[in-house]
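Peer 1: Have a look at this one.
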Number of protein chains: 2
Amino acid sequence: MTRMRTIEWKDGTVITIDQTKLPNETSFLKMKKCSQVATAIKDMKIRGAPIIGVAAAYGLALTAHHSKAREKRELMRELKQSAEILKKTRPTAVNLFWAVDRTVKKAQETSGSAKAVAKAVIDEAQRMADEDVQANRKIGGHGAKLIEDGDTVLTHCNAGKLATVDYGTALGVIRAAWEQGKQIKVIATETRPKLQGARLTAYELKSDGIPVTLITDSMVGYVMSKRMVNKVVVGADRIVRDAVVNKIGTFSIAVLAHEHGIPFYVAAPISTFDLTRSSKDVVVEERNPEEVTHFRSQRTAPIGMKALNPAFDITPMKYVSAIICETNVLSPTKLKDLQRLGEFKS
Amino acid sequence: MTRMRTIEWKDGTVITIDQTKLPNETSFLKMKKCSQVATAIKDMKIRGAPIIGVAAAYGLALTAHHSKAREKRELMRELKQSAEILKKTRPTAVNLFWAVDRTVKKAQETSGSAKAVAKAVIDEAQRMADEDVQANRKIGGHGAKLIEDGDTVLTHCNAGKLATVDYGTALGVIRAAWEQGKQIKVIATETRPKLQGARLTAYELKSDGIPVTLITDSMVGYVMSKRMVNKVVVGADRIVRDAVVNKIGTFSIAVLAHEHGIPFYVAAPISTFDLTRSSKDVVVEERNPEEVTHFRSQRTAPIGMKALNPAFDITPMKYVSAIICETNVLSPTKLKDLQRLGEFKS
């Protein structure tokens, strides 16, 4: 595992790992235009709610850095165009909208020349990247208290370093417990159709020397029934008042954990909270059915096969044991605490 | 879909479709030796509990047909050797053991020359193939009564024509309902790691013109929560006193169906019943972890990745709404009825 952050800003270039090529190939994307960032998000070369937020902010920073605008008004127009492009990439993870709005707001509030505004935008994006790393470390610290020596923790998809600027949310909890010397094991679900578990979580944990075993998504019930799992920790793409929105398959795992009396934890920064909304307001992204009928470029189903491909599902709070964020561990039934955090965020 | 049976006997040759190559290629296996049948079962070129049983009987028929034994005693020794090889192929589906024992017993009970015994073995295998087709038609008839016009039925793996000699068990129920003019739809899970849903169920139903939509195994909770599923029908590899053993992922689907109040039906012939045993007696086959870390020959996980690969899971009867067999629809809580059937079988 490279020691660099998953995404970095370097003199007007945004550098990140192409996540579609892992684990077989470590290939870096070097982007100079916001539209390149937008395409990378859409194609899931950059994926994971927290990093999508920071990448979007960096996308605006690219627009600001390379702008030839002389007046603030002109730069603001360019930034708003970039913001629109970014917001159209993926509809579900709220961090994207939060990061774009926060960055544009910062630009708006900055007085002075276009150059001064551009600098403020770049600084804000950098600040958000730094904050993400700090938040994940704190999430790790809070979450590690819930993990006991000897536990086997099941996780879904990838809520790791690769889904964030560094360290990870769900994998941050696992890393922090491991760094505290707790002898834990991890079961990673492969996470069809895009295999983030097999490709990314397996890769991250293996690189860190944390024992990890891969299963197909269909084996979750089996490993729980065999008492091979003590805890579940996943990330989130959006946390609304009544539910957690996360990678497709999360809801099934939550129901199975509930049925087996296994704690189900969600680890996510406050930037993922969207508490003025409820699950009925959430647009679940439908991706290309070929991701399901094909395996990479290889067709597995008959020609012309119809398929569904929702990228996320919705887990009602009754299945969630606790939400681990950077400030503390929240009970999902204590909605008041969550509301307060929602206010704190905005 | 070819109109031939999935497996056929023709003058000392057993002919079947290589199921690992579907749907992209229709390739036939022509086997003259029992050991070829055993290898085909082991490699899942022949898969599905009912057809595995019939294939094993045909394997013994090949031994009998091509034997040069002059005395019955000599032929019995050869048949018992073949029986041992067949029984070592796959440990979970009980139909295999049932079919082998029934065929060997038939040989034992037949008096006369080696030739007369060989003929009895071949006839018995043919009879079992015919009985399987009849049983599936009856299962279809009983099961179709449970399916209503307008239903969307979810099925897992492949319990179709390809898993049997013809018509199918779970897909037999779906076919019978369709043939009765009920406008139904099917959701098929892809069924990792071997993709029997994407490759085989999708292929069968599409060929028959029955509307079918493919999902990944991780989408089951989602489609149920969106009320897109009215019934679940699956097959079985073994039905013990307290549980149904079937393709990995079945248990998760059963729990999710239970949570959503969706009926969960198991369609299987009596040859699948093993009512003198309970779930603790069942050996769940562990297959090569490379089926999980790879996609066909393409590696998806990091090199050296550890993985689990149980081929089956165990669904306690509390999650099963009814068992559809060739004699009637059974309530799984009425164990007495099941016991009686168990006796009826042996």
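For the structure tokens, the naming scheme is as follows: chains receive sequential letters (A, B, ...) according to their order of presentation, residues are indexed from 1 within each chain, and ligands are indexed from 1 in presentation order.
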Distance cut-off 7 Å, counting only C-alpha atoms - which residues of chain B neighbour chain A? Return them as an NGL selection string.

Peer 2: :B and (23 or 192-193 or 198-199 or 202-203 or 213-219 or 221-222 or 248-249 or 251-252 or 255-256 or 292 or 300-302 or 306-308 or 313)

Peer 1: Residues within 7 Å of stretch 269-282 of chain B, please, as an MDAnalysis selection string. Count only C-alpha atoms; anything in the same chain fewer than 3 positions from it doesn't count.

Peer 2: chainID B and resid 92 94:95 98 135 237:243 325:326 339 342 345

Peer 1: Go ahead and save the picked residues with all heavy atoms, as a short mmCIF file (atom, residue, chain, number, x, y, z; two decimals), in the first residue's frame.

Peer 2:
data_model
loop_
_atom_site.label_atom_id
_atom_site.label_comp_id
_atom_site.auth_asym_id
_atom_site.auth_seq_id
_atom_site.Cartn_x
_atom_site.Cartn_y
_atom_site.Cartn_z
N THR B 92 -22.72 -33.36 -0.58
CA THR B 92 -23.90 -32.75 0.03
C THR B 92 -25.23 -33.24 -0.55
O THR B 92 -26.13 -33.62 0.19
CB THR B 92 -23.79 -31.22 -0.01
OG1 THR B 92 -22.53 -30.83 0.53
CG2 THR B 92 -24.90 -30.56 0.82
N VAL B 94 -28.06 -35.37 -1.54
CA VAL B 94 -28.30 -36.73 -1.08
C VAL B 94 -28.77 -37.62 -2.22
O VAL B 94 -28.63 -38.84 -2.16
CB VAL B 94 -29.31 -36.73 0.09
CG1 VAL B 94 -30.73 -36.54 -0.42
CG2 VAL B 94 -29.20 -38.02 0.90
N ASN B 95 -29.31 -37.02 -3.28
CA ASN B 95 -29.80 -37.79 -4.43
C ASN B 95 -28.73 -38.70 -5.00
O ASN B 95 -29.01 -39.79 -5.48
CB ASN B 95 -30.28 -36.84 -5.54
CG ASN B 95 -31.11 -35.70 -5.00
OD1 ASN B 95 -30.63 -34.95 -4.16
ND2 ASN B 95 -32.34 -35.59 -5.44
N TRP B 98 -28.54 -41.76 -2.76
CA TRP B 98 -29.80 -42.48 -2.93
C TRP B 98 -29.80 -43.25 -4.26
O TRP B 98 -30.12 -44.43 -4.31
CB TRP B 98 -30.95 -41.47 -2.88
CG TRP B 98 -32.25 -41.99 -3.39
CD1 TRP B 98 -33.14 -42.77 -2.70
CD2 TRP B 98 -32.81 -41.79 -4.68
NE1 TRP B 98 -34.22 -43.06 -3.49
CE2 TRP B 98 -34.05 -42.47 -4.71
CE3 TRP B 98 -32.39 -41.08 -5.82
CZ2 TRP B 98 -34.88 -42.48 -5.83
CZ3 TRP B 98 -33.21 -41.08 -6.94
CH2 TRP B 98 -34.43 -41.78 -6.94
N ALA B 135 -41.80 -36.79 -11.75
CA ALA B 135 -41.84 -36.09 -10.46
C ALA B 135 -41.84 -34.57 -10.67
O ALA B 135 -42.61 -33.85 -10.02
CB ALA B 135 -40.63 -36.51 -9.61
N ASP B 237 -30.82 -29.47 -2.25
CA ASP B 237 -29.84 -30.54 -2.45
C ASP B 237 -30.03 -31.66 -1.44
O ASP B 237 -29.63 -32.80 -1.67
CB ASP B 237 -28.42 -29.98 -2.37
CG ASP B 237 -28.13 -29.12 -3.58
OD1 ASP B 237 -28.50 -27.94 -3.56
OD2 ASP B 237 -27.59 -29.65 -4.57
N ARG B 238 -30.63 -31.31 -0.30
CA ARG B 238 -30.94 -32.32 0.70
C ARG B 238 -31.94 -31.70 1.68
O ARG B 238 -31.76 -30.55 2.10
CB ARG B 238 -29.66 -32.74 1.45
CG ARG B 238 -29.86 -33.93 2.37
CD ARG B 238 -28.64 -34.24 3.22
NE ARG B 238 -27.50 -34.74 2.46
CZ ARG B 238 -26.70 -35.75 2.87
NH1 ARG B 238 -26.97 -36.38 4.02
NH2 ARG B 238 -25.65 -36.11 2.17
N ILE B 239 -32.96 -32.46 2.01
CA ILE B 239 -33.92 -31.99 3.01
C ILE B 239 -33.82 -32.93 4.20
O ILE B 239 -34.14 -34.12 4.10
CB ILE B 239 -35.35 -31.95 2.44
CG1 ILE B 239 -35.41 -30.95 1.27
CG2 ILE B 239 -36.36 -31.57 3.53
CD1 ILE B 239 -36.71 -30.93 0.51
N VAL B 240 -33.30 -32.38 5.31
CA VAL B 240 -33.20 -33.18 6.52
C VAL B 240 -34.36 -32.81 7.45
O VAL B 240 -35.17 -31.94 7.11
CB VAL B 240 -31.82 -32.98 7.21
CG1 VAL B 240 -30.72 -33.62 6.37
CG2 VAL B 240 -31.52 -31.51 7.46
N ARG B 241 -34.45 -33.47 8.59
CA ARG B 241 -35.60 -33.28 9.49
C ARG B 241 -35.87 -31.82 9.82
O ARG B 241 -37.02 -31.38 9.85
CB ARG B 241 -35.31 -34.00 10.82
CG ARG B 241 -35.79 -35.40 10.90
CD ARG B 241 -35.95 -35.82 12.36
NE ARG B 241 -34.74 -35.64 13.14
CZ ARG B 241 -33.74 -36.50 13.19
NH1 ARG B 241 -33.81 -37.63 12.50
NH2 ARG B 241 -32.68 -36.27 13.92
N ASP B 242 -34.79 -31.07 10.08
CA ASP B 242 -34.95 -29.72 10.63
C ASP B 242 -34.54 -28.60 9.68
O ASP B 242 -34.59 -27.43 10.04
CB ASP B 242 -34.14 -29.59 11.92
CG ASP B 242 -32.66 -29.91 11.70
OD1 ASP B 242 -32.34 -30.58 10.68
OD2 ASP B 242 -31.83 -29.47 12.51
N ALA B 243 -34.14 -28.95 8.46
CA ALA B 243 -33.59 -27.89 7.60
C ALA B 243 -33.54 -28.31 6.13
O ALA B 243 -33.61 -29.49 5.80
CB ALA B 243 -32.18 -27.53 8.07
N CYS B 325 -43.35 -31.28 -3.15
CA CYS B 325 -42.76 -32.49 -3.73
C CYS B 325 -43.77 -33.12 -4.68
O CYS B 325 -44.84 -32.55 -4.93
CB CYS B 325 -42.28 -33.45 -2.65
SG CYS B 325 -43.59 -34.27 -1.76
N GLU B 326 -43.45 -34.27 -5.22
CA GLU B 326 -44.32 -34.84 -6.27
C GLU B 326 -45.64 -35.37 -5.73
O GLU B 326 -46.58 -35.55 -6.51
CB GLU B 326 -43.58 -35.92 -7.07
CG GLU B 326 -43.08 -37.12 -6.29
CD GLU B 326 -41.64 -36.94 -5.82
OE1 GLU B 326 -41.34 -35.89 -5.22
OE2 GLU B 326 -40.82 -37.86 -6.05
N GLN B 339 -41.78 -37.49 7.77
CA GLN B 339 -41.25 -38.80 8.18
C GLN B 339 -41.87 -39.90 7.33
O GLN B 339 -41.20 -40.80 6.86
CB GLN B 339 -41.56 -39.07 9.66
CG GLN B 339 -40.81 -38.16 10.62
CD GLN B 339 -39.35 -38.53 10.78
OE1 GLN B 339 -38.78 -39.18 9.93
NE2 GLN B 339 -38.73 -38.07 11.85
N GLY B 342 -40.39 -40.03 4.09
CA GLY B 342 -39.06 -40.60 4.20
C GLY B 342 -39.12 -42.12 4.15
O GLY B 342 -38.35 -42.77 3.45
N LYS B 345 -40.00 -43.34 0.72
CA LYS B 345 -38.87 -43.32 -0.20
C LYS B 345 -38.05 -44.59 -0.11
O LYS B 345 -37.69 -45.18 -1.13
CB LYS B 345 -38.01 -42.10 0.14
CG LYS B 345 -36.74 -41.99 -0.65
CD LYS B 345 -35.92 -40.82 -0.12
CE LYS B 345 -34.48 -40.95 -0.47
NZ LYS B 345 -33.69 -39.92 0.20
#

Peer 1: From a backbone DSSP assignment, name each residue in stretch 43-284 of chain A labelled alpha helix (DSSP H), as number ranges by chain.

Peer 2: A: 49-66, 72-87, 94-109, 114-144, 170-179, 196, 202-208, 220-225, 250-260

Peer 1: Do you know which residues are at most 8 Å from stretch 65-79 of chain B counting only C-alpha atoms, after dropping those on the same chain fewer than 6 positions away, and could you put them as an mmCIF file with C-alpha atoms, in the first residue's frame?

Peer 2:
data_model
loop_
_atom_site.group_PDB
_atom_site.id
_atom_site.type_symbol
_atom_site.label_atom_id
_atom_site.label_comp_id
_atom_site.auth_asym_id
_atom_site.auth_seq_id
_atom_site.Cartn_x
_atom_site.Cartn_y
_atom_site.Cartn_z
ATOM 1 C CA GLY B 12 -23.844 -47.494 -24.008
ATOM 2 C CA VAL B 104 -26.570 -51.288 -6.571
ATOM 3 C CA ALA B 107 -28.248 -55.321 -9.141
ATOM 4 C CA GLN B 108 -27.932 -57.298 -5.924
ATOM 5 C CA GLY B 112 -29.045 -64.738 -13.156
ATOM 6 C CA SER B 113 -26.064 -64.037 -15.371
ATOM 7 C CA ALA B 114 -23.881 -60.918 -15.392
ATOM 8 C CA LYS B 115 -25.702 -59.940 -18.560
ATOM 9 C CA VAL B 117 -27.826 -58.022 -13.955
ATOM 10 C CA ALA B 118 -26.321 -55.474 -16.348
ATOM 11 C CA LYS B 119 -29.639 -55.158 -18.123
ATOM 12 C CA ILE B 122 -29.448 -50.074 -17.163
#

Peer 1: So how many Å separate atom CA of B:Lys182 and atom CA of B:Asn158, to one decimal?

Peer 2: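 A separation of 21.2 Å between them.
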
Peer 1: Output as a list in words all residues of stretch 57-159 of chain B that backbone DSSP marks as strand (DSSP E or B).

Peer 2: Thr152, Val153, Leu154 and Thr155 of chain B

Peer 1: How many Å lie between atom CA of B:Val14 and atom CA of B:Lys30, rounded to one decimal?

Peer 2: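 Atom CA of B:Lys30 lies at a distance of 5.7 Å from atom CA of B:Val14.
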
Peer 1: Could you list, as a count of residues only, every residue within 9 Å of B:Ala125, counting only C-alpha atoms and ignoring same-chain residues fewer than 2 positions away?

Peer 2: 18
